[in-house]
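Text of the file protein.cif, holding mmCIF, C-alpha atoms:
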```cif
data_model
loop_
_atom_site.label_atom_id
_atom_site.label_comp_id
_atom_site.auth_asym_id
_atom_site.auth_seq_id
_atom_site.Cartn_x
_atom_site.Cartn_y
_atom_site.Cartn_z
CA MET W 1 -10.57 1.63 7.71
CA ASP W 2 -10.65 3.43 4.38
CA LEU W 3 -13.90 4.44 2.68
CA LYS W 4 -14.11 1.26 0.58
CA ALA W 5 -13.46 -0.93 3.64
CA ASN W 6 -16.26 0.87 5.49
CA PHE W 7 -18.56 0.18 2.54
CA ILE W 8 -17.66 -3.54 2.60
CA MET W 9 -18.12 -3.73 6.38
CA GLU W 10 -21.56 -2.16 6.03
CA HIS W 11 -22.46 -4.90 3.53
CA TYR W 12 -21.51 -7.63 6.00
CA LYS W 13 -23.20 -5.78 8.88
CA LYS W 14 -26.52 -5.87 7.03
CA LEU W 15 -26.14 -9.54 6.10
CA ILE W 16 -25.35 -10.50 9.68
CA GLU W 17 -27.94 -8.36 11.45
CA ASN W 18 -30.69 -9.40 9.01
CA ARG W 19 -29.64 -13.06 9.34
CA GLU W 20 -29.31 -13.50 5.60
CA PHE W 21 -25.86 -15.11 5.54
CA ASP W 22 -24.55 -18.64 5.10
CA GLU W 23 -21.05 -20.04 5.56
CA PHE W 24 -19.79 -18.68 2.25
CA ASP W 25 -20.64 -15.16 3.41
CA ILE W 26 -18.88 -15.82 6.72
CA LEU W 27 -15.87 -17.15 4.80
CA GLY W 28 -15.56 -13.81 3.02
CA PHE W 29 -16.29 -11.90 6.23
CA LEU W 30 -13.52 -13.64 8.18
CA ILE W 31 -11.00 -13.05 5.42
CA PHE W 32 -12.06 -9.39 5.22
CA ILE W 33 -11.81 -8.67 8.96
CA ARG W 34 -8.55 -10.61 9.37
CA SER W 35 -6.28 -7.63 8.69
CA PHE W 36 -8.27 -5.44 11.10
CA ILE W 37 -8.20 -7.82 14.09
CA LYS W 38 -4.65 -9.19 13.80
CA PRO W 39 -2.68 -6.05 14.81
CA ASN W 40 -4.33 -5.50 18.22
CA LYS W 41 -4.57 -9.18 19.25
CA GLN W 42 -7.90 -8.54 21.03
CA TYR W 43 -9.75 -11.38 19.28
CA PRO W 44 -7.49 -14.47 19.40
CA LEU W 45 -10.32 -16.98 18.97
CA ILE W 46 -11.88 -15.21 15.99
CA GLU W 47 -8.40 -14.76 14.56
CA GLU W 48 -7.77 -18.51 14.86
CA PHE W 49 -10.65 -19.23 12.49
CA ALA W 50 -9.90 -16.28 10.21
CA ASP W 51 -6.44 -17.81 9.73
CA LEU W 52 -8.01 -21.24 9.31
CA VAL W 53 -10.28 -20.25 6.43
CA ALA W 54 -7.43 -18.34 4.77
CA HIS W 55 -5.04 -21.33 5.03
CA ARG W 56 -6.78 -24.70 5.28
CA GLU W 57 -3.48 -26.54 5.73
CA ARG W 58 -1.98 -25.03 8.88
CA GLU W 59 1.23 -25.52 10.81
CA LYS W 60 0.62 -23.22 13.77
CA GLY W 61 -2.16 -21.74 15.87
CA LYS W 62 -4.25 -22.88 18.84
CA VAL W 63 -5.54 -26.04 17.16
CA MET W 64 -2.03 -27.08 16.11
CA GLU W 65 -0.76 -26.48 19.64
CA CYS W 66 -3.50 -28.70 21.08
CA ILE W 67 -2.79 -31.51 18.61
CA LYS W 68 0.94 -31.30 19.33
CA ASN W 69 0.50 -31.31 23.11
CA ALA W 70 -1.91 -34.26 23.02
CA ILE W 71 0.56 -36.30 20.95
CA ASP W 72 3.58 -35.30 23.06
CA ASN W 73 1.71 -36.23 26.26
CA ASN W 74 0.60 -39.59 24.84
CA TYR W 75 -3.03 -38.54 25.27
CA SER W 76 -2.69 -38.93 29.04
CA TYR W 77 -5.43 -37.46 31.22
CA ILE W 78 -5.06 -34.82 33.90
CA SER W 79 -5.66 -36.50 37.27
CA ASN W 80 -9.33 -36.88 38.24
CA SER W 81 -10.58 -35.36 34.99
CA LYS W 82 -11.45 -36.18 31.40
CA ARG W 83 -9.10 -33.52 30.06
CA ILE W 84 -5.98 -34.35 28.07
CA GLN W 85 -2.74 -32.91 29.43
CA GLY W 86 -1.65 -29.80 27.54
CA TYR W 87 -4.87 -29.67 25.51
CA CYS W 88 -6.78 -26.42 26.00
CA GLY W 89 -9.60 -25.89 23.52
CA ILE W 90 -12.08 -23.03 23.26
CA ASN W 91 -14.33 -22.20 26.20
CA GLU W 92 -17.89 -21.46 25.09
CA ASN W 93 -18.20 -18.33 27.24
CA ASP W 94 -14.88 -16.97 25.99
CA TRP W 95 -16.06 -17.52 22.42
CA LYS W 96 -19.34 -15.73 23.08
CA ASN W 97 -17.75 -12.81 24.93
CA GLU W 98 -15.17 -12.27 22.20
CA TRP W 99 -17.84 -12.02 19.50
CA ILE W 100 -19.94 -9.63 21.62
CA LYS W 101 -16.87 -7.44 22.13
CA PHE W 102 -16.10 -7.57 18.41
CA GLY W 103 -19.67 -6.56 17.58
CA ASN W 104 -19.54 -3.63 19.99
CA VAL W 105 -16.25 -2.33 18.59
CA PHE W 106 -17.24 -2.72 14.93
CA ASN W 107 -20.88 -1.65 15.45
CA ILE W 108 -22.46 -4.98 14.46
CA LEU W 109 -25.35 -6.29 16.54
CA ILE W 110 -24.50 -9.87 17.52
CA ASN W 111 -27.18 -11.43 19.72
CA ASP W 112 -27.51 -15.06 20.86
CA ASP W 113 -29.38 -16.21 17.74
CA ILE W 114 -26.94 -14.52 15.36
CA LEU W 115 -23.98 -15.98 17.24
CA LYS W 116 -25.46 -19.48 17.00
CA GLU W 117 -25.68 -19.03 13.23
CA ILE W 118 -22.19 -17.56 12.90
CA THR W 119 -20.81 -20.42 15.00
CA LEU W 120 -22.54 -23.05 12.87
CA CYS W 121 -21.07 -21.48 9.73
CA ILE W 122 -17.57 -21.35 11.21
CA PHE W 123 -17.70 -24.90 12.55
CA SER W 124 -18.86 -26.12 9.15
CA LEU W 125 -16.05 -24.22 7.42
CA ALA W 126 -13.51 -25.76 9.81
CA GLN W 127 -14.46 -29.33 8.88
CA LYS W 128 -11.56 -31.40 7.49
CA THR W 129 -8.92 -28.68 8.05
CA ILE W 130 -5.43 -30.26 8.02
CA TYR W 131 -2.65 -29.55 10.52
CA ASN W 132 1.04 -30.42 10.17
CA ASP W 133 3.81 -28.57 12.02
CA LYS W 134 6.54 -30.34 9.95
CA LYS W 135 7.95 -31.69 13.21
CA GLY W 136 6.09 -34.99 13.39
CA HIS W 137 2.73 -33.70 14.65
CA ASN W 138 -0.23 -34.19 12.32
CA GLY W 139 -3.96 -33.90 12.71
CA MET W 140 -7.26 -32.67 11.35
CA ILE W 141 -10.61 -31.26 12.45
CA GLU W 142 -13.86 -33.19 12.22
CA PHE W 143 -17.43 -31.90 12.71
CA ASP W 144 -19.74 -33.52 15.26
CA ALA W 145 -23.38 -33.01 16.27
CA VAL W 146 -25.28 -34.52 19.22
CA SER W 147 -29.07 -34.32 19.37
CA LYS W 148 -29.42 -35.09 23.09
CA SER W 149 -27.41 -32.04 24.15
CA GLY W 150 -28.25 -29.98 21.05
CA GLU W 151 -24.55 -29.26 20.61
CA ILE W 152 -22.25 -29.07 17.65
CA ALA W 153 -18.53 -29.63 18.14
CA LEU W 154 -15.15 -29.54 16.48
CA LEU W 155 -13.01 -32.56 17.25
CA THR W 156 -9.31 -33.01 16.57
CA THR W 157 -7.80 -36.34 15.58
CA GLU W 158 -4.67 -37.68 13.95
CA GLY W 159 -6.88 -39.19 11.26
CA ARG W 160 -5.88 -42.84 11.60
CA LYS W 161 -8.46 -45.60 12.15
CA ASP W 162 -7.31 -46.03 15.76
CA SER W 163 -7.02 -42.29 16.51
CA ILE W 164 -9.05 -40.85 19.35
CA PHE W 165 -11.15 -37.71 18.99
CA ILE W 166 -10.77 -34.76 21.36
CA CYS W 167 -13.29 -31.95 21.64
CA PHE W 168 -11.66 -28.63 20.74
CA ALA W 169 -14.80 -26.48 20.76
CA LYS W 170 -18.54 -26.92 21.19
CA TYR W 171 -21.66 -24.77 21.05
CA GLY W 172 -25.26 -25.52 21.89
CA GLU W 173 -29.00 -25.10 21.36
CA TYR W 174 -29.41 -26.57 17.88
CA ILE W 175 -32.17 -28.89 16.63
CA ILE W 176 -30.25 -31.97 15.49
CA ASP W 177 -31.42 -35.15 13.76
CA THR W 178 -30.80 -38.13 16.06
CA LYS W 179 -29.32 -40.28 13.31
CA TYR W 180 -26.12 -38.21 13.38
CA ASP W 181 -25.36 -39.03 17.03
CA GLY W 182 -22.44 -41.21 18.05
CA VAL W 183 -19.67 -40.55 15.56
CA PRO W 184 -18.24 -37.50 13.79
CA ILE W 185 -19.93 -36.70 10.49
CA THR W 186 -17.63 -37.92 7.73
CA GLU W 187 -19.67 -36.56 4.82
CA ILE W 188 -18.91 -32.97 3.81
CA VAL W 189 -21.45 -30.55 5.32
CA SER W 190 -22.52 -27.02 4.44
CA THR W 191 -25.01 -24.40 5.61
CA PHE W 192 -27.90 -22.97 3.62
CA ARG W 193 -31.01 -20.85 4.13
CA ASP W 194 -34.48 -22.39 3.90
CA ASN W 195 -37.28 -19.81 4.24
CA GLY W 196 -34.93 -17.69 6.31
CA LYS W 197 -33.82 -20.52 8.63
CA LEU W 198 -30.17 -21.52 8.67
CA LYS W 199 -29.76 -25.27 8.27
CA LEU W 200 -26.92 -27.72 7.80
CA LYS W 201 -26.95 -30.44 5.16
CA ASP W 202 -24.56 -32.99 3.73
CA ARG W 203 -23.61 -33.44 0.08
CA LEU W 204 -26.52 -35.83 -0.38
CA ASN W 205 -28.89 -33.05 0.75
CA ASN W 206 -29.77 -34.78 4.01
CA ILE W 207 -30.73 -32.15 6.61
CA ILE W 208 -28.57 -32.58 9.71
CA LEU W 209 -29.72 -29.70 11.90
CA GLU W 210 -31.25 -26.27 12.02
CA VAL W 211 -30.88 -23.24 14.25
#
```
How does this structure look as structure tokens?
Amino acid sequence: MDLKANFIMEHYKKLIENREFDEFDILGFLIFIRSFIKPNKQYPLIEEFADLVAHREREKGKVMECIKNAIDNNYSYISNSKRIQGYCGINENDWKNEWIKFGNVFNILINDDILKEITLCIFSLAQKTIYNDKKGHNGMIEFDAVSKSGEIALLTTEGRKDSIFICFAKYGEYIIDTKYDGVPITEIVSTFRDNGKLKLKDRLNNIILEV
């Protein structure tokens, strides 16, 4: 990193450690760190979302591979499971461990609370991302939240009325309004700070959840 890059990283370090960021800060952060994490391939999950925010219409990557495999396998289940053949989303522990490793290498404290906030921002940013590999496989990401489990999730779907939704990634321990249970949230969502707390709202300013 050159001197200017170090200065920029220090800016993001303070925002993250002081929990003063929202998704627009994380958008800039992911784009900034993208060139530093790509060469060594040590952070494939973080890189997936750094690429996603840089190019919202994607034709490759882990999400695209999952959508393609689900379509090619006719959404058939693996025997004695609820998993779709060829569909391998993000494991919650892998996600957490990768961010902890990133924080250690780049000297940014990332604890459980900070990671919950970063994850909420990234999941919100990922909403409505479009995927098309130009080979007949199309899909998109939708945002979901379930109050009973306290989990947020990213679901992939082909986007038709009869399309099924498959969970690509999920993360837990959020306080979620029960009225958003049952179906993916179709209204555009975004994060914001309210007296220091990170919350998620829709475009009508309805509060969906808080950390």
Can you list, as an MDAnalysis selection string, every protein, DNA or RNA residue that comes within 10 Å of W:Phe165 when you count all atoms listed in the file, leaving out same-chain residues fewer than 4 positions away? chainID W and resid 140:142 154:159 183:184
How would you write, as JSON, numbers by chain, the residues chosen by the PyMOL selection byres ((chain W and resi 121) around 10) on this structure? {"W": [21, 22, 23, 24, 25, 26, 27, 115, 116, 117, 118, 119, 120, 122, 123, 124, 125, 126, 190, 191, 192, 198, 199, 200]}
Can you turn the PyMOL selection byres ((chain W and resi 172) around 12) into a concrete residue list for this file, as a count of residues only? 30
Between W:Tyr12, W:Phe36, W:Tyr43, W:Tyr180, single out the one closest to W:Trp95, counting only C-alpha atoms. W:Tyr43
From the options W:Asp133, W:Glu10, W:Asp194, W:Asp202, which residue's atoms come nearest to W:Arg58, counting all atoms listed in the file?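 Residue with the minimum atom-to-atom distance to W:Arg58: W:Asp133.
If only C-alpha atoms are the atoms counted, then among W:Ile166, W:Phe143, W:Met9, W:Ile46 the closest residue to W:Ile84 is W:Ile166.
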Rank W:Cys88, W:Ile16, W:Ile207, W:Ala54 by their smallest atom-to-atom distance to W:Ala70, using only C-alpha atoms, and report the top residue only. W:Cys88
Starting from the PyMOL selection byres ((chain W and resi 35) around 12), expand the selection into actual residues of this file and give them as a list in words. Met1, Ala5, Phe29, Leu30, Ile31, Phe32, Ile33, Arg34, Phe36, Ile37, Lys38, Pro39, Asn40, Lys41, Tyr43, Ile46, Glu47, Ala50, Asp51 and Ala54 of chain W
How would the residues just chosen look if you wrote them out with C-alpha atoms as a short mmCIF file (atom, residue, chain, number, x, y, z; two decimals), keeping the file's coordinate frame?
```
data_model
loop_
_atom_site.label_atom_id
_atom_site.label_comp_id
_atom_site.auth_asym_id
_atom_site.auth_seq_id
_atom_site.Cartn_x
_atom_site.Cartn_y
_atom_site.Cartn_z
CA MET W 1 -10.57 1.63 7.71
CA ALA W 5 -13.46 -0.93 3.64
CA PHE W 29 -16.29 -11.90 6.23
CA LEU W 30 -13.52 -13.64 8.18
CA ILE W 31 -11.00 -13.05 5.42
CA PHE W 32 -12.06 -9.39 5.22
CA ILE W 33 -11.81 -8.67 8.96
CA ARG W 34 -8.55 -10.61 9.37
CA PHE W 36 -8.27 -5.44 11.10
CA ILE W 37 -8.20 -7.82 14.09
CA LYS W 38 -4.65 -9.19 13.80
CA PRO W 39 -2.68 -6.05 14.81
CA ASN W 40 -4.33 -5.50 18.22
CA LYS W 41 -4.57 -9.18 19.25
CA TYR W 43 -9.75 -11.38 19.28
CA ILE W 46 -11.88 -15.21 15.99
CA GLU W 47 -8.40 -14.76 14.56
CA ALA W 50 -9.90 -16.28 10.21
CA ASP W 51 -6.44 -17.81 9.73
CA ALA W 54 -7.43 -18.34 4.77
#
```
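Between atom CA of W:Ser81 and atom CA of W:Arg160 lies a distance of 25.0 Å.
The interatomic distance for the pair atom CA of W:Ile114 and atom CA of W:Glu17 works out to 7.4 Å.
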With N, CA, C and O atoms as the target, complete stretch 186-207 of chain W and hand it back as a PDB file, in the coordinates of the input.
```
ATOM      1  N   THR W 186     -18.716 -37.796   8.705  1.00  0.00           N
ATOM      2  CA  THR W 186     -17.630 -37.920   7.730  1.00  0.00           C
ATOM      3  C   THR W 186     -17.976 -37.264   6.397  1.00  0.00           C
ATOM      4  O   THR W 186     -17.086 -36.827   5.669  1.00  0.00           O
ATOM      5  N   GLU W 187     -19.259 -37.199   6.070  1.00  0.00           N
ATOM      6  CA  GLU W 187     -19.670 -36.560   4.820  1.00  0.00           C
ATOM      7  C   GLU W 187     -19.468 -35.049   4.938  1.00  0.00           C
ATOM      8  O   GLU W 187     -19.620 -34.470   5.998  1.00  0.00           O
ATOM      9  N   ILE W 188     -19.105 -34.417   3.818  1.00  0.00           N
ATOM     10  CA  ILE W 188     -18.910 -32.970   3.810  1.00  0.00           C
ATOM     11  C   ILE W 188     -20.250 -32.274   4.070  1.00  0.00           C
ATOM     12  O   ILE W 188     -21.273 -32.623   3.479  1.00  0.00           O
ATOM     13  N   VAL W 189     -20.233 -31.273   4.965  1.00  0.00           N
ATOM     14  CA  VAL W 189     -21.450 -30.550   5.320  1.00  0.00           C
ATOM     15  C   VAL W 189     -21.347 -29.092   4.867  1.00  0.00           C
ATOM     16  O   VAL W 189     -20.250 -28.581   4.617  1.00  0.00           O
ATOM     17  N   SER W 190     -22.498 -28.443   4.778  1.00  0.00           N
ATOM     18  CA  SER W 190     -22.520 -27.020   4.440  1.00  0.00           C
ATOM     19  C   SER W 190     -23.827 -26.409   4.921  1.00  0.00           C
ATOM     20  O   SER W 190     -24.834 -27.098   5.061  1.00  0.00           O
ATOM     21  N   THR W 191     -23.815 -25.095   5.161  1.00  0.00           N
ATOM     22  CA  THR W 191     -25.010 -24.400   5.610  1.00  0.00           C
ATOM     23  C   THR W 191     -25.771 -23.811   4.427  1.00  0.00           C
ATOM     24  O   THR W 191     -25.199 -23.531   3.378  1.00  0.00           O
ATOM     25  N   PHE W 192     -27.067 -23.612   4.633  1.00  0.00           N
ATOM     26  CA  PHE W 192     -27.900 -22.970   3.620  1.00  0.00           C
ATOM     27  C   PHE W 192     -29.129 -22.380   4.301  1.00  0.00           C
ATOM     28  O   PHE W 192     -29.461 -22.744   5.432  1.00  0.00           O
ATOM     29  N   ARG W 193     -29.791 -21.461   3.612  1.00  0.00           N
ATOM     30  CA  ARG W 193     -31.010 -20.850   4.130  1.00  0.00           C
ATOM     31  C   ARG W 193     -32.232 -21.519   3.507  1.00  0.00           C
ATOM     32  O   ARG W 193     -32.279 -21.741   2.299  1.00  0.00           O
ATOM     33  N   ASP W 194     -33.224 -21.808   4.351  1.00  0.00           N
ATOM     34  CA  ASP W 194     -34.480 -22.390   3.900  1.00  0.00           C
ATOM     35  C   ASP W 194     -35.603 -21.569   4.536  1.00  0.00           C
ATOM     36  O   ASP W 194     -35.844 -21.678   5.743  1.00  0.00           O
ATOM     37  N   ASN W 195     -36.260 -20.720   3.728  1.00  0.00           N
ATOM     38  CA  ASN W 195     -37.280 -19.810   4.240  1.00  0.00           C
ATOM     39  C   ASN W 195     -36.765 -18.992   5.426  1.00  0.00           C
ATOM     40  O   ASN W 195     -37.462 -18.803   6.433  1.00  0.00           O
ATOM     41  N   GLY W 196     -35.533 -18.540   5.295  1.00  0.00           N
ATOM     42  CA  GLY W 196     -34.930 -17.690   6.310  1.00  0.00           C
ATOM     43  C   GLY W 196     -34.206 -18.429   7.412  1.00  0.00           C
ATOM     44  O   GLY W 196     -33.388 -17.844   8.123  1.00  0.00           O
ATOM     45  N   LYS W 197     -34.479 -19.741   7.580  1.00  0.00           N
ATOM     46  CA  LYS W 197     -33.820 -20.520   8.630  1.00  0.00           C
ATOM     47  C   LYS W 197     -32.484 -21.054   8.148  1.00  0.00           C
ATOM     48  O   LYS W 197     -32.387 -21.554   7.025  1.00  0.00           O
ATOM     49  N   LEU W 198     -31.473 -20.949   9.008  1.00  0.00           N
ATOM     50  CA  LEU W 198     -30.170 -21.520   8.670  1.00  0.00           C
ATOM     51  C   LEU W 198     -30.170 -23.003   9.035  1.00  0.00           C
ATOM     52  O   LEU W 198     -30.496 -23.380  10.163  1.00  0.00           O
ATOM     53  N   LYS W 199     -29.814 -23.830   8.062  1.00  0.00           N
ATOM     54  CA  LYS W 199     -29.760 -25.270   8.270  1.00  0.00           C
ATOM     55  C   LYS W 199     -28.429 -25.821   7.789  1.00  0.00           C
ATOM     56  O   LYS W 199     -27.695 -25.159   7.048  1.00  0.00           O
ATOM     57  N   LEU W 200     -28.138 -27.035   8.215  1.00  0.00           N
ATOM     58  CA  LEU W 200     -26.920 -27.720   7.800  1.00  0.00           C
ATOM     59  C   LEU W 200     -27.300 -29.004   7.075  1.00  0.00           C
ATOM     60  O   LEU W 200     -28.154 -29.757   7.542  1.00  0.00           O
ATOM     61  N   LYS W 201     -26.684 -29.235   5.923  1.00  0.00           N
ATOM     62  CA  LYS W 201     -26.950 -30.440   5.160  1.00  0.00           C
ATOM     63  C   LYS W 201     -25.638 -31.088   4.738  1.00  0.00           C
ATOM     64  O   LYS W 201     -24.570 -30.470   4.803  1.00  0.00           O
ATOM     65  N   ASP W 202     -25.730 -32.341   4.299  1.00  0.00           N
ATOM     66  CA  ASP W 202     -24.560 -32.990   3.730  1.00  0.00           C
ATOM     67  C   ASP W 202     -24.644 -32.941   2.208  1.00  0.00           C
ATOM     68  O   ASP W 202     -25.592 -32.379   1.643  1.00  0.00           O
ATOM     69  N   ARG W 203     -23.654 -33.525   1.545  1.00  0.00           N
ATOM     70  CA  ARG W 203     -23.610 -33.440   0.080  1.00  0.00           C
ATOM     71  C   ARG W 203     -24.725 -34.208  -0.600  1.00  0.00           C
ATOM     72  O   ARG W 203     -24.984 -34.025  -1.789  1.00  0.00           O
ATOM     73  N   LEU W 204     -25.387 -35.086   0.164  1.00  0.00           N
ATOM     74  CA  LEU W 204     -26.520 -35.830  -0.380  1.00  0.00           C
ATOM     75  C   LEU W 204     -27.837 -35.115  -0.099  1.00  0.00           C
ATOM     76  O   LEU W 204     -28.911 -35.669  -0.329  1.00  0.00           O
ATOM     77  N   ASN W 205     -27.737 -33.887   0.427  1.00  0.00           N
ATOM     78  CA  ASN W 205     -28.890 -33.050   0.750  1.00  0.00           C
ATOM     79  C   ASN W 205     -29.721 -33.547   1.920  1.00  0.00           C
ATOM     80  O   ASN W 205     -30.896 -33.203   2.062  1.00  0.00           O
ATOM     81  N   ASN W 206     -29.124 -34.390   2.760  1.00  0.00           N
ATOM     82  CA  ASN W 206     -29.770 -34.780   4.010  1.00  0.00           C
ATOM     83  C   ASN W 206     -29.638 -33.639   5.010  1.00  0.00           C
ATOM     84  O   ASN W 206     -28.546 -33.100   5.210  1.00  0.00           O
ATOM     85  N   ILE W 207     -30.756 -33.235   5.635  1.00  0.00           N
ATOM     86  CA  ILE W 207     -30.730 -32.150   6.610  1.00  0.00           C
ATOM     87  C   ILE W 207     -30.243 -32.697   7.951  1.00  0.00           C
ATOM     88  O   ILE W 207     -30.840 -33.614   8.511  1.00  0.00           O
TER      89      ILE W 207
END
```
